[in-house]
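Source file: final-v6.txt; contents: compact mmCIF, C-alpha atoms.
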# COMPACT_ATOMS: atom_id res chain seq x y z
CA MET A 1 -34.01 228.79 -160.12
CA LYS A 2 -34.35 226.01 -162.67
CA THR A 3 -30.61 226.18 -163.27
CA LEU A 4 -29.97 225.91 -159.54
CA LEU A 5 -32.29 222.91 -159.24
CA ALA A 6 -30.67 221.25 -162.24
CA LEU A 7 -27.24 221.90 -160.75
CA CYS A 8 -28.37 220.47 -157.41
CA SER A 9 -29.77 217.38 -159.13
CA VAL A 10 -26.41 216.75 -160.74
CA LEU A 11 -24.61 217.36 -157.47
CA LEU A 12 -27.04 215.12 -155.56
CA LEU A 13 -26.26 212.33 -157.99
CA THR A 14 -22.55 212.83 -157.40
CA GLY A 15 -23.10 213.16 -153.66
CA ARG A 16 -21.81 216.70 -153.42
CA CYS A 17 -25.06 218.50 -152.65
CA SER A 18 -26.46 216.02 -150.16
CA ALA A 19 -23.21 215.60 -148.29
CA GLN A 20 -23.65 218.77 -146.24
CA THR A 21 -27.28 218.27 -145.27
CA PRO A 22 -27.30 216.83 -141.75
CA GLN A 23 -28.47 213.24 -142.00
CA LYS A 24 -28.73 210.65 -139.27
CA CYS A 25 -25.83 208.47 -140.23
CA GLN A 26 -23.89 205.36 -139.39
CA THR A 27 -20.17 205.41 -138.68
CA PRO A 28 -17.95 203.07 -140.67
CA ARG A 29 -18.64 199.51 -139.52
CA LEU A 30 -14.96 198.70 -139.13
CA LEU A 31 -12.99 201.41 -137.38
CA SER A 32 -9.70 201.75 -135.49
CA GLY A 33 -8.71 204.79 -133.48
CA SER A 34 -8.39 206.38 -130.08
CA ILE A 35 -10.64 208.00 -127.51
CA SER A 36 -10.10 210.17 -124.47
CA LEU A 37 -12.62 209.97 -121.70
CA SER A 38 -13.27 212.02 -118.57
CA THR A 39 -16.01 212.20 -115.98
CA GLN A 40 -17.56 215.31 -114.52
CA ASP A 41 -16.28 214.55 -111.02
CA ASP A 42 -12.67 214.33 -112.26
CA GLN A 43 -12.45 210.76 -110.93
CA VAL A 44 -11.67 209.27 -114.32
CA TRP A 45 -9.21 210.49 -116.99
CA ALA A 46 -8.39 207.86 -119.55
CA VAL A 47 -7.14 207.40 -123.09
CA ALA A 48 -7.82 204.21 -125.02
CA LYS A 49 -6.96 202.73 -128.38
CA TYR A 50 -9.83 200.82 -129.85
CA ILE A 51 -10.82 198.45 -132.64
CA TYR A 52 -14.52 198.52 -133.47
CA ASP A 53 -16.31 195.84 -135.47
CA ALA A 54 -20.02 196.57 -135.85
CA LEU A 55 -20.50 193.54 -138.11
CA GLY A 56 -19.27 191.02 -135.53
CA GLN A 57 -20.38 193.20 -132.59
CA ARG A 58 -16.89 193.16 -131.11
CA ILE A 59 -14.81 195.93 -129.50
CA ARG A 60 -11.21 195.73 -128.24
CA LEU A 61 -9.90 198.47 -125.96
CA TRP A 62 -6.44 199.17 -124.52
CA GLU A 63 -7.00 201.79 -121.86
CA THR A 64 -4.53 203.81 -119.77
CA GLY A 65 -5.47 206.50 -117.31
CA HIS A 66 -6.33 207.45 -113.79
CA VAL A 67 -9.34 206.29 -111.80
CA GLN A 68 -9.72 207.86 -108.36
CA ASN A 69 -6.07 208.98 -108.46
CA LYS A 70 -4.85 205.45 -109.18
CA SER A 71 -3.09 204.58 -112.43
CA LEU A 72 -4.89 202.13 -114.62
CA TYR A 73 -3.98 199.90 -117.53
CA VAL A 74 -6.61 197.56 -118.82
CA ASP A 75 -7.03 195.48 -121.98
CA LEU A 76 -10.65 194.59 -122.70
CA LEU A 77 -12.35 192.53 -125.40
CA PHE A 78 -16.13 192.89 -125.64
CA LEU A 79 -17.90 190.10 -127.52
CA PHE A 80 -21.50 191.29 -127.51
CA LYS A 81 -22.93 188.39 -129.54
CA LYS A 82 -21.57 185.96 -126.93
CA GLY A 83 -22.47 188.29 -124.05
CA VAL A 84 -19.02 188.27 -122.49
CA VAL A 85 -16.16 190.67 -121.80
CA TYR A 86 -12.60 189.45 -121.32
CA THR A 87 -10.11 191.41 -119.21
CA ILE A 88 -6.82 190.28 -120.72
CA ASP A 89 -3.39 190.19 -119.07
CA ASP A 90 -1.04 189.34 -121.91
CA ARG A 91 2.11 189.43 -119.78
CA ASN A 92 0.87 186.84 -117.28
CA GLN A 93 -1.24 185.03 -119.89
CA THR A 94 -4.31 185.27 -117.70
CA CYS A 95 -7.83 186.34 -118.42
CA GLN A 96 -10.93 187.34 -116.51
CA LYS A 97 -14.29 186.55 -118.11
CA ASN A 98 -17.45 188.42 -117.08
CA PRO A 99 -20.98 188.29 -118.44
CA LEU A 100 -21.99 191.44 -120.31
CA SER A 101 -25.22 192.99 -119.16
CA ASP A 102 -25.86 195.24 -122.15
CA GLN A 103 -26.50 194.78 -125.84
CA PHE A 104 -24.25 196.05 -128.62
CA HIS A 105 -25.01 199.65 -129.53
CA PRO A 106 -23.51 200.44 -132.93
CA PHE A 107 -22.17 203.96 -133.10
CA HIS A 108 -24.84 205.51 -135.25
CA ILE A 109 -27.20 208.42 -134.78
CA PRO A 110 -30.45 206.89 -133.43
CA HIS A 111 -33.65 207.47 -135.43
CA ASN A 112 -35.21 209.43 -132.56
CA ALA A 113 -32.26 211.82 -132.15
CA SER A 114 -32.81 215.44 -133.08
CA LEU A 115 -30.32 217.81 -134.66
CA GLN A 116 -28.74 220.18 -132.15
CA SER A 117 -26.38 222.06 -134.46
CA GLN A 118 -24.20 221.96 -137.54
CA VAL A 119 -20.97 223.88 -137.11
CA ILE A 120 -17.41 224.03 -138.39
CA LEU A 121 -14.91 223.29 -135.63
CA GLY A 122 -12.05 225.75 -136.02
CA GLY A 123 -12.28 227.96 -139.10
CA SER A 124 -13.35 227.88 -142.71
CA SER A 125 -11.24 230.61 -144.29
CA SER A 126 -8.82 228.11 -145.82
CA ARG A 127 -8.64 224.38 -146.43
CA LYS A 128 -7.63 222.12 -143.50
CA GLU A 129 -8.45 224.77 -140.90
CA GLY A 130 -11.88 223.42 -139.97
CA LEU A 131 -14.08 220.36 -139.71
CA LEU A 132 -17.79 220.28 -140.54
CA VAL A 133 -19.59 218.42 -137.75
CA ASN A 134 -23.20 217.65 -136.87
CA THR A 135 -24.32 217.37 -133.25
CA TRP A 136 -27.37 215.26 -132.39
CA LYS A 137 -29.13 215.08 -129.06
CA GLY A 138 -31.38 212.43 -127.60
CA ASP A 139 -32.61 210.64 -124.53
CA VAL A 140 -32.00 207.16 -123.16
CA PRO A 141 -35.33 206.86 -121.33
CA GLU A 142 -34.74 203.37 -119.90
CA ILE A 143 -32.00 204.77 -117.64
CA GLY A 144 -33.04 208.44 -117.54
CA GLY A 145 -29.99 209.33 -119.59
CA LYS A 146 -29.31 211.85 -122.35
CA TYR A 147 -26.53 212.45 -124.85
CA LEU A 148 -25.00 214.88 -127.30
CA ALA A 149 -23.24 213.02 -130.13
CA THR A 150 -21.03 214.89 -132.59
CA VAL A 151 -20.00 213.26 -135.87
CA THR A 152 -18.20 214.53 -138.95
CA GLY A 153 -20.47 215.91 -141.68
CA PHE A 154 -18.51 213.87 -144.20
CA GLY A 155 -17.99 210.19 -143.39
CA CYS A 156 -19.93 210.13 -140.09
CA PHE A 157 -16.80 209.60 -138.01
CA PRO A 158 -17.45 210.09 -134.28
CA VAL A 159 -15.86 213.28 -132.90
CA SER A 160 -17.26 213.59 -129.39
CA MET A 161 -19.95 212.26 -127.10
CA LEU A 162 -21.34 213.90 -123.99
CA TYR A 163 -23.37 211.36 -122.07
CA TYR A 164 -25.32 211.96 -118.89
CA SER A 165 -27.07 209.67 -116.44
CA ALA A 166 -27.91 210.26 -112.80
CA ARG A 167 -25.54 207.41 -111.82
CA THR A 168 -22.51 208.64 -113.77
CA GLY A 169 -23.00 212.40 -114.14
CA TRP A 170 -21.51 213.74 -117.38
CA ILE A 171 -19.03 211.54 -119.25
CA ALA A 172 -17.15 213.36 -122.01
CA THR A 173 -15.54 211.29 -124.78
CA THR A 174 -13.44 212.62 -127.66
CA TYR A 175 -12.66 210.44 -130.69
CA PHE A 176 -9.48 210.95 -132.70
CA ASN A 177 -6.98 209.33 -135.08
CA ALA A 178 -9.67 207.11 -136.58
CA VAL A 179 -9.13 205.10 -139.74
CA LYS A 180 -11.62 202.98 -141.60
CA GLY A 181 -10.87 199.31 -141.23
CA ILE A 182 -9.03 197.05 -138.84
CA GLY A 183 -5.29 196.41 -139.09
CA ASP A 184 -5.18 193.08 -137.29
CA PRO A 185 -8.50 191.21 -137.05
CA GLU A 186 -6.91 188.61 -134.75
CA GLN A 187 -7.06 191.19 -131.98
CA LEU A 188 -10.83 190.76 -132.02
CA ASN A 189 -10.54 187.08 -131.11
CA PRO A 190 -9.81 186.09 -127.52
CA PRO A 191 -6.23 184.89 -127.01
CA PRO A 192 -5.82 181.10 -126.56
CA PHE A 193 -5.61 181.35 -122.75
CA CYS A 194 -8.97 183.18 -122.47
CA PRO A 195 -11.89 180.92 -123.44
CA ALA A 196 -11.01 178.42 -120.70
CA ALA A 197 -11.33 181.09 -117.98
CA GLU A 198 -14.20 180.53 -115.59
CA THR A 199 -17.01 183.05 -115.88
CA GLU A 200 -17.19 185.43 -112.93
CA ASP A 201 -20.54 186.08 -111.26
CA GLN A 202 -20.39 189.88 -111.64
CA LYS A 203 -22.15 191.21 -114.72
CA LEU A 204 -20.48 194.21 -116.34
CA ASP A 205 -21.85 196.81 -118.72
CA PHE A 206 -19.74 198.72 -121.20
CA PHE A 207 -19.01 201.69 -118.93
CA SER A 208 -18.53 199.75 -115.68
CA ALA A 209 -15.92 197.56 -117.42
CA PHE A 210 -13.97 200.78 -118.13
CA PHE A 211 -13.89 202.04 -114.56
CA MET B 1 17.93 209.11 -146.97
CA LYS B 2 19.51 211.90 -149.00
CA THR B 3 16.52 211.85 -151.29
CA LEU B 4 14.18 212.13 -148.33
CA LEU B 5 16.16 215.06 -146.90
CA ALA B 6 16.20 216.77 -150.27
CA LEU B 7 12.46 216.23 -150.62
CA CYS B 8 11.87 217.62 -147.14
CA SER B 9 14.04 220.66 -147.90
CA VAL B 10 11.92 221.40 -150.93
CA LEU B 11 8.73 220.87 -148.94
CA LEU B 12 10.03 223.05 -146.08
CA LEU B 13 10.60 225.85 -148.55
CA THR B 14 7.06 225.47 -149.81
CA GLY B 15 5.71 225.15 -146.28
CA ARG B 16 4.36 221.64 -146.74
CA CYS B 17 6.79 219.79 -144.51
CA SER B 18 6.91 222.29 -141.65
CA ALA B 19 3.14 222.79 -141.58
CA GLN B 20 2.53 219.60 -139.65
CA THR B 21 5.26 220.05 -137.05
CA PRO B 22 3.58 221.37 -133.89
CA GLN B 23 4.69 224.97 -133.41
CA LYS B 24 3.59 227.44 -130.78
CA CYS B 25 1.48 229.68 -132.92
CA GLN B 26 -0.65 232.80 -132.95
CA THR B 27 -4.27 232.75 -134.06
CA PRO B 28 -5.33 235.18 -136.79
CA ARG B 29 -5.32 238.69 -135.31
CA LEU B 30 -8.75 239.50 -136.67
CA LEU B 31 -11.28 236.74 -136.16
CA SER B 32 -15.06 236.32 -136.08
CA GLY B 33 -16.84 233.22 -134.89
CA SER B 34 -18.71 231.50 -132.11
CA ILE B 35 -17.92 229.77 -128.86
CA SER B 36 -19.79 227.49 -126.53
CA LEU B 37 -18.89 227.54 -122.88
CA SER B 38 -19.77 225.35 -119.92
CA THR B 39 -18.57 225.04 -116.35
CA GLN B 40 -17.86 221.85 -114.45
CA ASP B 41 -20.64 222.47 -111.93
CA ASP B 42 -23.25 222.77 -114.73
CA GLN B 43 -24.12 226.28 -113.51
CA VAL B 44 -23.22 227.92 -116.81
CA TRP B 45 -24.11 226.83 -120.36
CA ALA B 46 -23.66 229.57 -122.91
CA VAL B 47 -23.09 230.20 -126.59
CA ALA B 48 -21.63 233.45 -127.83
CA LYS B 49 -20.83 235.07 -131.15
CA TYR B 50 -17.63 237.03 -131.00
CA ILE B 51 -15.48 239.50 -132.89
CA TYR B 52 -11.83 239.45 -131.89
CA ASP B 53 -9.34 242.20 -132.70
CA ALA B 54 -5.90 241.45 -131.30
CA LEU B 55 -4.45 244.58 -132.95
CA GLY B 56 -6.80 246.99 -131.19
CA GLN B 57 -7.16 244.71 -128.13
CA ARG B 58 -10.95 244.69 -128.47
CA ILE B 59 -13.50 241.87 -128.15
CA ARG B 60 -17.26 242.03 -128.74
CA LEU B 61 -19.45 239.21 -127.46
CA TRP B 62 -23.16 238.45 -127.87
CA GLU B 63 -23.89 235.73 -125.35
CA THR B 64 -27.02 233.66 -124.76
CA GLY B 65 -27.32 230.85 -122.26
CA HIS B 66 -28.20 229.75 -118.79
CA VAL B 67 -26.50 230.82 -115.58
CA GLN B 68 -27.75 229.08 -112.44
CA ASN B 69 -30.91 228.01 -114.30
CA LYS B 70 -31.72 231.58 -115.38
CA SER B 71 -31.74 232.58 -119.02
CA LEU B 72 -29.15 235.10 -120.01
CA TYR B 73 -28.62 237.47 -122.90
CA VAL B 74 -25.72 239.85 -122.70
CA ASP B 75 -23.92 242.05 -125.20
CA LEU B 76 -20.39 242.96 -124.08
CA LEU B 77 -17.66 245.12 -125.57
CA PHE B 78 -14.22 244.75 -124.01
CA LEU B 79 -11.80 247.60 -124.73
CA PHE B 80 -8.63 246.41 -123.05
CA LYS B 81 -6.45 249.37 -124.05
CA LYS B 82 -8.91 251.70 -122.31
CA GLY B 83 -9.43 249.25 -119.44
CA VAL B 84 -13.24 249.23 -119.70
CA VAL B 85 -16.02 246.81 -120.53
CA TYR B 86 -19.42 248.02 -121.76
CA THR B 87 -22.57 246.00 -121.16
CA ILE B 88 -24.77 247.18 -124.00
CA ASP B 89 -28.57 247.22 -124.16
CA ASP B 90 -29.34 248.19 -127.74
CA ARG B 91 -33.12 248.03 -127.36
CA ASN B 92 -33.24 250.52 -124.48
CA GLN B 93 -30.17 252.41 -125.71
CA THR B 94 -28.50 252.07 -122.35
CA CYS B 95 -25.04 251.05 -121.33
CA GLN B 96 -23.20 249.94 -118.23
CA LYS B 97 -19.50 250.78 -118.01
CA ASN B 98 -17.18 248.87 -115.69
CA PRO B 99 -13.43 249.05 -115.21
CA LEU B 100 -11.60 245.96 -116.49
CA SER B 101 -9.27 244.35 -114.00
CA ASP B 102 -7.26 242.22 -116.42
CA GLN B 103 -4.96 242.81 -119.37
CA PHE B 104 -5.60 241.67 -122.93
CA HIS B 105 -4.45 238.10 -123.51
CA PRO B 106 -4.14 237.46 -127.23
CA PHE B 107 -5.17 233.93 -128.16
CA HIS B 108 -1.78 232.46 -128.84
CA ILE B 109 0.11 229.51 -127.45
CA PRO B 110 2.33 230.95 -124.67
CA HIS B 111 6.10 230.42 -124.95
CA ASN B 112 6.15 228.33 -121.76
CA ALA B 113 3.38 225.96 -122.90
CA SER B 114 4.34 222.37 -123.60
CA LEU B 115 2.91 220.08 -126.26
CA GLN B 116 0.36 217.62 -124.90
CA SER B 117 -0.60 215.86 -128.11
CA GLN B 118 -1.07 216.10 -131.85
CA VAL B 119 -4.11 214.19 -133.08
CA ILE B 120 -6.63 214.13 -135.89
CA LEU B 121 -10.14 214.78 -134.62
CA GLY B 122 -12.46 212.37 -136.42
CA GLY B 123 -10.77 210.28 -139.11
CA SER B 124 -8.12 210.48 -141.78
CA SER B 125 -9.23 207.85 -144.28
CA SER B 126 -10.66 210.44 -146.65
CA ARG B 127 -10.56 214.20 -147.11
CA LYS B 128 -12.87 216.35 -144.95
CA GLU B 129 -13.33 213.58 -142.37
CA GLY B 130 -10.76 214.86 -139.89
CA LEU B 131 -8.98 217.89 -138.48
CA LEU B 132 -5.33 217.96 -137.46
CA VAL B 133 -5.06 219.70 -134.07
CA ASN B 134 -2.31 220.39 -131.55
CA THR B 135 -3.05 220.52 -127.84
CA TRP B 136 -0.79 222.56 -125.57
CA LYS B 137 -0.80 222.59 -121.79
CA GLY B 138 0.46 225.15 -119.33
CA ASP B 139 0.07 226.80 -115.96
CA VAL B 140 -1.15 230.22 -114.91
CA PRO B 141 0.92 230.41 -111.70
CA GLU B 142 -0.33 233.83 -110.56
CA ILE B 143 -3.78 232.36 -109.92
CA GLY B 144 -2.86 228.68 -109.50
CA GLY B 145 -4.59 227.94 -112.81
CA LYS B 146 -3.85 225.53 -115.64
CA TYR B 147 -5.09 225.06 -119.18
CA LEU B 148 -5.27 222.75 -122.18
CA ALA B 149 -5.51 224.75 -125.41
CA THR B 150 -6.26 223.01 -128.71
CA VAL B 151 -5.65 224.78 -132.01
CA THR B 152 -5.77 223.66 -135.63
CA GLY B 153 -2.47 222.36 -137.01
CA PHE B 154 -3.04 224.51 -140.09
CA GLY B 155 -3.92 228.16 -139.46
CA CYS B 156 -3.77 228.08 -135.63
CA PHE B 157 -7.52 228.54 -135.26
CA PRO B 158 -8.70 227.92 -131.69
CA VAL B 159 -10.70 224.68 -131.34
CA SER B 160 -11.12 224.20 -127.61
CA MET B 161 -9.84 225.41 -124.27
CA LEU B 162 -10.08 223.63 -120.96
CA TYR B 163 -9.22 226.07 -118.18
CA TYR B 164 -9.00 225.32 -114.48
CA SER B 165 -8.65 227.48 -111.41
CA ALA B 166 -9.61 226.72 -107.83
CA ARG B 167 -12.18 229.55 -107.98
CA THR B 168 -13.93 228.42 -111.17
CA GLY B 169 -13.28 224.67 -111.43
CA TRP B 170 -13.04 223.50 -115.05
CA ILE B 171 -14.37 225.80 -117.76
CA ALA B 172 -14.70 224.12 -121.17
CA THR B 173 -14.83 226.30 -124.27
CA THR B 174 -15.30 225.12 -127.86
CA TYR B 175 -14.59 227.44 -130.80
CA PHE B 176 -16.43 227.04 -134.08
CA ASN B 177 -17.55 228.77 -137.30
CA ALA B 178 -14.49 231.03 -137.26
CA VAL B 179 -13.51 233.16 -140.22
CA LYS B 180 -10.45 235.34 -140.59
CA GLY B 181 -11.35 239.01 -140.48
CA ILE B 182 -14.13 241.18 -139.16
CA GLY B 183 -17.30 241.82 -141.11
CA ASP B 184 -18.33 245.08 -139.47
CA PRO B 185 -15.55 246.93 -137.61
CA GLU B 186 -18.07 249.44 -136.25
CA GLN B 187 -19.22 246.75 -133.84
CA LEU B 188 -15.90 247.15 -132.07
CA ASN B 189 -16.64 250.80 -131.26
CA PRO B 190 -18.99 251.65 -128.40
CA PRO B 191 -22.41 252.83 -129.60
CA PRO B 192 -23.05 256.59 -129.25
CA PHE B 193 -25.03 256.19 -126.04
CA CYS B 194 -22.18 254.36 -124.25
CA PRO B 195 -19.19 256.64 -123.63
CA ALA B 196 -21.28 259.03 -121.54
CA ALA B 197 -22.25 256.25 -119.11
CA GLU B 198 -20.88 256.71 -115.62
CA THR B 199 -18.23 254.19 -114.64
CA GLU B 200 -19.41 251.69 -112.03
CA ASP B 201 -17.25 250.96 -109.01
CA GLN B 202 -17.14 247.19 -109.56
CA LYS B 203 -14.11 245.97 -111.49
CA LEU B 204 -14.77 243.03 -113.82
CA ASP B 205 -12.39 240.54 -115.36
CA PHE B 206 -13.03 238.73 -118.63
CA PHE B 207 -14.72 235.68 -117.08
CA SER B 208 -16.72 237.48 -114.38
CA ALA B 209 -18.23 239.72 -117.06
CA PHE B 210 -19.55 236.56 -118.74
CA PHE B 211 -21.26 235.12 -115.69

Full structure transcribed into structure tokens:
Amino acid sequence: MKTLLALCSVLLLTGRCSAQTPQKCQTPRLLSGSISLSTQDDQVWAVAKYIYDALGQRIRLWETGHVQNKSLYVDLLFLFKKGVVYTIDDRNQTCQKNPLSDQFHPFHIPHNASLQSQVILGGSSSRKEGLLVNTWKGDVPEIGGKYLATVTGFGCFPVSMLYYSARTGWIATTYFNAVKGIGDPEQLNPPPFCPAAETEDQKLDFFSAFF
Amino acid sequence: MKTLLALCSVLLLTGRCSAQTPQKCQTPRLLSGSISLSTQDDQVWAVAKYIYDALGQRIRLWETGHVQNKSLYVDLLFLFKKGVVYTIDDRNQTCQKNPLSDQFHPFHIPHNASLQSQVILGGSSSRKEGLLVNTWKGDVPEIGGKYLATVTGFGCFPVSMLYYSARTGWIATTYFNAVKGIGDPEQLNPPPFCPAAETEDQKLDFFSAFF
């Protein structure tokens, strides 16, 4: 037993023993990748590339998909510190500017979440055949919502999110092809033709900007 | 270019170059693991441990969950070669025996499936933070169904299945904690009190036995 404890102490110091214990964690603060998103009523199927900057509270999204059987392409830049979202049309060099109604929510596991499960997606008989993930559940009481958030056991990369509110029903999001960091930070600044756009009256939140 | 081709030839021979090219593949023929399963209408949420024997065409399932807001625990043994499914009650040593209406479908990617995408779930900036998966799509014309099947790029372990038919709507299945092989092959034989059970009239297929 003493040997095991001593071994664990060494491994804890090197991060190898603690790494598999489910911990509420924070995803990398700078992240680039893709998501797929679908709603329970089949009205929305979309895939988006994203750049995520938790330090500057900025998110850029290039989304393609179908909303109510209509094709959709939308390029969005959320600047949460400034409380605005730009809908960018690069081809026509035009921009729509709306006030943002919600605060920035960094992708981390909230302190009041509780562990639902720790599993290996796929298999564990050989290397590369499986992925250790932790799934956390929680409530969003201010809107009567709830969520299941799955992140990688190593690195805290988002893997999937199942979010429910009475207004939206279930929204399922899968995260893939993520890399730490941001290739081109300029894409998190509004293009030159954007800041001059007049601010629309309609406030948007993160999800309503999508749909 | 020649150097690259030569390098790839070497890697092909060692399996390193070909391993990442999406190939229609067959999952391990003996597999143990777990699945979670939910239906689009929220009527079914279930988790099941399974043993899968593609050689003997046998599947054992221990399922717990909720069907139409009622709790469920069911222990099923599918013997496809014999065309029967046993619903086993170990505590009371009783057994229900129903004819099976469908054939065994080994979990492989069918020859007429087409590649939907190859992505890394999670991230790829460090080891253990992501999982290379291939998603295949296809139709089941005899019942007007369609599916999206995701398997690991290495090892062909099932990861998820999204199956649609007009009768069922979407059924989402996630596969996890899989290991190659079967710990206790006896669990794929009916317990002694089962074979004597009278066969019920009602034919069951794989999904209707679940629900």

Leaving out region 178-192 of chain B and any residue of its chain fewer than 6 positions from it, which residues lie within 10 Å of it when counting all atoms listed in the file, given as a ChimeraX atom specification?
/A:119-126,129-130 /B:27-35,49-53,56-61,76-79,85-90,93-95,155,157-159

Name the closest residue to Ala113 (chain B) among the candidates B:Pro195, B:Trp136, B:Gln68, B:Pro99; distances are taken between atoms, counting only C-alpha atoms.
B:Trp136

Quick check, in Å to one decimal: how far apart do CA of Ile143 (chain A) and CA of Asp205 (chain A) lie?
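Going from CA of Ile143 (chain A) over to CA of Asp205 (chain A) covers 12.9 Å.
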
Select, from A:Trp170, A:Ser117, A:Phe206, A:Asn134, the residue with the minimum atom-to-atom distance to Asp41 (chain B), counting all atoms listed in the file.
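Once distances to Asp41 (chain B) are computed over all atoms listed in the file, the minimum belongs to A:Trp170.
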
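CA of Leu162 (chain A) sits 29.4 Å away from CA of Gln26 (chain B).
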
Residues near Lys128 (chain A), anyone? I mean within 8 Å using only C-alpha atoms, not counting same-chain ones fewer than 3 positions away, as a list in words.
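The contact residues come out as Leu131 of chain A; Lys128, Leu131, Leu132 and Phe154 of chain B.
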